[in-house]
Amino acid sequence: MPALKKSPIVNCSLALIILVILIMGALRFWKLDSIPYGYHVDEVSGAVTMHCFATQGCDAELTPWPLFGSMEYGQDKPPTYIYPGLLWAKFFGTTVPSFRAFGVFGVTIGLIGLFFVGRLIGGYTCGLLTLLAATCSPWMWVVSRVLMESYFAPVFVIWGLYFLWRSVHFWDWALAGLLFACAMYSYPPARMQIPLMMVTLGIYEWGRREWRWTSVLSFVCAWVLALLPLAHQYMHNSELPRRFREISIFNPDYVHSLGKTGNPGDMVNVFVHNYLLHLSPDFLFLTGDPSYVHSTRHLGLLSGLDMTALIMLVVFLIMLMMRPSWKDNPVLKNRRWLLFLAANIFIGIIPSALTYQELPHALRICGSWPFMMLLTGFVWWAALNCISALWPLVALIGLLCGGVLSYQYFMIYPQESKGMFDYWIKDAAEQLQTPEDWQKFLLLFHRRNYHERYFLVNRLHMTCKQANDTWWQLYHQLDQKGMF
């Protein structure tokens, strides 16, 4: 590879790749206050929760310093998101755009981590190509700019893998175990995915390098000890897994709606059907997630870089069958690594297939995303090692992927997605002037608990408790009149 870097074509290609990465990285922070336009209910509920923690040391329901921020709505906010976010809030405020930037910042740390993991596997070039694939990925772009903590889970996984593979010292392995535990706190699907990933990780590592039992012990101890508070919450707090109970395929109401009895055969059929939805061509290559909260609806989950990498992987497989004597075939030389990545891409789909709501669901399979990015970067790196003439091609495909994604997101997506972000509530709140206006606003949107509380604290500068008491007082008054 050093000889290749002396080629002007290779140098120009590298410069273009780095330029695309930098521009896309900057664009990820651009116009967070207006794109997406309006605020999704998950965003305002998260912002209210973070505001309460930052100002009064309690969650949205006024519970002081809990492990998880309970909202009595959707998914409770994890400590791996809330407590780092407190520092962010001190400097940048507690508005939705501010916390959107916090989410983008977290994903950016993950992108940097992918570069370092790729570099451990194949050197600087492999790391750079992995970073290019991740930067131009439609899979994570839309969600990374929405106030959701879900992508913190793969970020922790990425850095956990980095420290695990960086050395066999016990402190690196202990840190890896802690980071894997943090991923399980961050997003419920990771609580199933991470243990399965660790099994494949053990198989991948077995015999690959010399282990130190002190390192293995430090990894296990750090992972288990870090998870004890989470296990305690599951044993003593029946509300923590309520979201999964609501959307699980094992929900009795859902099973009955299908006309099934819930026997093992029925459940296997439902699971397989849901799993295959995530492998459909429309979802992967054409339109992506059905929801505008997770997708532009004009691109599939996989970018042009991902798709061409898969094509090249198939070519390498065909050549392996036609020329089994070619010992330098990347598939043959790196079969253990490729099997590890493939296994974890498919494992990441399992938690989503155990649910029934809004399938196929790009966010619930975000655990597969880093492994797909590593696969794309590695296959392109292997191809460039075989055919150096592909350098301009990978740079141009990266430029095209970034350009198309940016155009669609900033020019088309804002108008098409407005209905998913309750923009009319934001518009109404920004026009309020008098106390009478606010009373009308509260009555008009009285069913929008967190939207109203968000604007009460960020426009009227109420405390978290004042906003909470105001809304619940309104609730009880309207409930007595039969309006709830």
# chains A, B, ... in the order shown; residues from 1 in each chain; ligands from 1
$ select_by_dssp --residues "region 182-362 of chain A" --states "alpha helix (DSSP H)" --output "PyMOL selection string"
chain A and resi 182-186+190-205+213-236+242-247+252-257+264-277+281+304-322+330-333+335-347+350-353
$ residues_around --residues "Gln408 (chain A)" --least-positions-apart "2" --cutoff "12 Å" --atoms "only C-alpha atoms" --output "JSON, numbers by chain"
{"A": [35, 138, 141, 142, 295, 296, 297, 298, 299, 401, 402, 403, 404, 405, 406, 410, 411, 412, 413, 414, 415, 416, 417]}
$ residues_around --residues "Leu111 (chain A)" --least-positions-apart "4" --cutoff "7 Å" --atoms "only C-alpha atoms" --output "list of chain:residue names"
A:Val107, A:Phe115, A:Leu131, A:Ala134
$ closest_residue --among "A:Phe244, A:Trp165, A:Tyr475, A:Trp223" --to "Arg447 (chain A)" --atoms "only C-alpha atoms"
A:Tyr475
$ residues_around --residues "Met184 (chain A)" --least-positions-apart "5" --cutoff "9 Å" --atoms "only C-alpha atoms" --output "JSON, numbers by chain"
{"A": [153, 179, 189, 190, 191, 192, 193, 194, 227, 230]}
$ residues_around --residues "region 166-170 of chain A" --least-positions-apart "6" --cutoff "8 Å" --atoms "only C-alpha atoms" --output "VMD selection string"
chain A and resid 120 211 to 212 214 to 216 218 to 219
$ residues_around --residues "region 231-238 of chain A" --least-positions-apart "5" --cutoff "10 Å" --atoms "only C-alpha atoms" --output "PyMOL selection string"
chain A and resi 67-68+224+226
$ residues_around --residues "Ala176 (chain A)" --least-positions-apart "2" --cutoff "10 Å" --atoms "only C-alpha atoms" --output "PyMOL selection string"
chain A and resi 156-165+170-174+178-182+218-220+222-223
$ write_last_selection --atoms "N, CA, C and O atoms" --output "short mmCIF file (atom, residue, chain, number, x, y, z; two decimals), in the first residue's frame"
data_model
loop_
_atom_site.label_atom_id
_atom_site.label_comp_id
_atom_site.auth_asym_id
_atom_site.auth_seq_id
_atom_site.Cartn_x
_atom_site.Cartn_y
_atom_site.Cartn_z
N PHE A 156 -21.25 2.78 21.93
CA PHE A 156 -20.55 2.07 23.01
C PHE A 156 -19.99 0.74 22.52
O PHE A 156 -18.89 0.33 22.92
N VAL A 157 -20.72 0.05 21.66
CA VAL A 157 -20.22 -1.22 21.11
C VAL A 157 -18.95 -0.99 20.31
O VAL A 157 -17.97 -1.75 20.42
N ILE A 158 -18.96 0.03 19.47
CA ILE A 158 -17.80 0.33 18.62
C ILE A 158 -16.55 0.53 19.47
O ILE A 158 -15.50 -0.07 19.22
N TRP A 159 -16.66 1.37 20.49
CA TRP A 159 -15.49 1.65 21.31
C TRP A 159 -15.13 0.46 22.19
O TRP A 159 -13.95 0.25 22.53
N GLY A 160 -16.13 -0.34 22.58
CA GLY A 160 -15.83 -1.57 23.31
C GLY A 160 -14.99 -2.53 22.46
O GLY A 160 -14.01 -3.12 22.95
N LEU A 161 -15.36 -2.67 21.19
CA LEU A 161 -14.57 -3.52 20.29
C LEU A 161 -13.17 -2.96 20.11
O LEU A 161 -12.19 -3.73 20.03
N TYR A 162 -13.06 -1.65 20.03
CA TYR A 162 -11.74 -1.06 19.83
C TYR A 162 -10.81 -1.40 20.99
O TYR A 162 -9.67 -1.85 20.79
N PHE A 163 -11.27 -1.20 22.22
CA PHE A 163 -10.39 -1.46 23.35
C PHE A 163 -10.12 -2.95 23.52
O PHE A 163 -9.04 -3.35 23.96
N LEU A 164 -11.10 -3.79 23.16
CA LEU A 164 -10.89 -5.23 23.25
C LEU A 164 -9.81 -5.69 22.28
O LEU A 164 -9.00 -6.57 22.60
N TRP A 165 -9.79 -5.11 21.10
CA TRP A 165 -8.84 -5.53 20.07
C TRP A 165 -7.54 -4.75 20.10
O TRP A 165 -6.57 -5.14 19.46
N PHE A 170 -5.29 -6.11 30.76
CA PHE A 170 -6.54 -6.26 31.52
C PHE A 170 -7.33 -4.96 31.57
O PHE A 170 -8.56 -4.97 31.62
N TRP A 171 -6.63 -3.80 31.56
CA TRP A 171 -7.38 -2.54 31.65
C TRP A 171 -8.17 -2.25 30.38
O TRP A 171 -9.27 -1.70 30.43
N ASP A 172 -7.65 -2.65 29.21
CA ASP A 172 -8.41 -2.48 27.97
C ASP A 172 -9.62 -3.39 27.95
O ASP A 172 -10.71 -2.98 27.53
N TRP A 173 -9.45 -4.62 28.42
CA TRP A 173 -10.57 -5.56 28.42
C TRP A 173 -11.62 -5.17 29.46
O TRP A 173 -12.82 -5.35 29.24
N ALA A 174 -11.18 -4.65 30.59
CA ALA A 174 -12.15 -4.18 31.59
C ALA A 174 -12.96 -3.01 31.04
O ALA A 174 -14.19 -2.94 31.23
N LEU A 178 -17.05 -2.76 30.37
CA LEU A 178 -17.86 -1.64 30.85
C LEU A 178 -18.63 -0.99 29.71
O LEU A 178 -19.83 -0.66 29.86
N LEU A 179 -17.99 -0.81 28.56
CA LEU A 179 -18.66 -0.17 27.41
C LEU A 179 -19.77 -1.05 26.85
O LEU A 179 -20.82 -0.54 26.44
N PHE A 180 -19.58 -2.35 26.81
CA PHE A 180 -20.65 -3.24 26.37
C PHE A 180 -21.85 -3.16 27.33
O PHE A 180 -23.01 -3.21 26.90
N ALA A 181 -21.57 -3.04 28.62
CA ALA A 181 -22.65 -2.88 29.58
C ALA A 181 -23.38 -1.56 29.35
O ALA A 181 -24.62 -1.49 29.43
N CYS A 182 -22.63 -0.50 29.05
CA CYS A 182 -23.25 0.80 28.77
C CYS A 182 -24.18 0.70 27.56
O CYS A 182 -25.24 1.35 27.52
N SER A 218 -11.10 -9.69 34.06
CA SER A 218 -11.41 -8.26 34.22
C SER A 218 -12.57 -7.86 33.32
O SER A 218 -13.42 -7.04 33.72
N PHE A 219 -12.64 -8.42 32.11
CA PHE A 219 -13.75 -8.13 31.19
C PHE A 219 -15.08 -8.58 31.80
O PHE A 219 -16.05 -7.82 31.84
N VAL A 220 -15.11 -9.83 32.26
CA VAL A 220 -16.35 -10.39 32.81
C VAL A 220 -16.77 -9.64 34.07
O VAL A 220 -17.96 -9.31 34.24
N ALA A 222 -16.03 -6.53 35.00
CA ALA A 222 -16.50 -5.18 34.69
C ALA A 222 -17.88 -5.21 34.08
O ALA A 222 -18.75 -4.38 34.42
N TRP A 223 -18.12 -6.16 33.19
CA TRP A 223 -19.42 -6.27 32.52
C TRP A 223 -20.52 -6.62 33.52
O TRP A 223 -21.58 -5.97 33.55
#
$ closest_residue --among "A:Pro97, A:Pro435, A:Pro241, A:Gly265" --to "Asn458 (chain A)" --atoms "only C-alpha atoms"
A:Pro97
$ closest_atom_pairs --of "region 77-178 of chain A" --to "region 373-390 of chain A" --cutoff "7 Å" --atoms "only C-alpha atoms" --output "tab-separated table"
residue	atom	partner	partner_atom	distance
A:Gly118	CA	A:Leu374	CA	6.6
A:Thr125	CA	A:Trp381	CA	6.8
A:Cys126	CA	A:Trp381	CA	5.3
A:Leu129	CA	A:Gly377	CA	4.7
A:Thr130	CA	A:Gly377	CA	3.9
A:Ala133	CA	A:Met373	CA	5.9
A:Ala134	CA	A:Met373	CA	5.6
$ write_last_selection --atoms "C-alpha atoms" --output "CSV table (one decimal), in the first residue's frame"
chain,number,residue,atom,x,y,z
A,118,GLY,CA,-11.1,-0.3,10.9
A,125,THR,CA,-6.8,2.9,4.5
A,126,CYS,CA,-9.3,0.4,5.9
A,129,LEU,CA,-12.9,3.6,4.0
A,130,THR,CA,-15.0,2.4,6.9
A,133,ALA,CA,-19.1,4.3,4.5
A,134,ALA,CA,-20.5,5.3,7.9
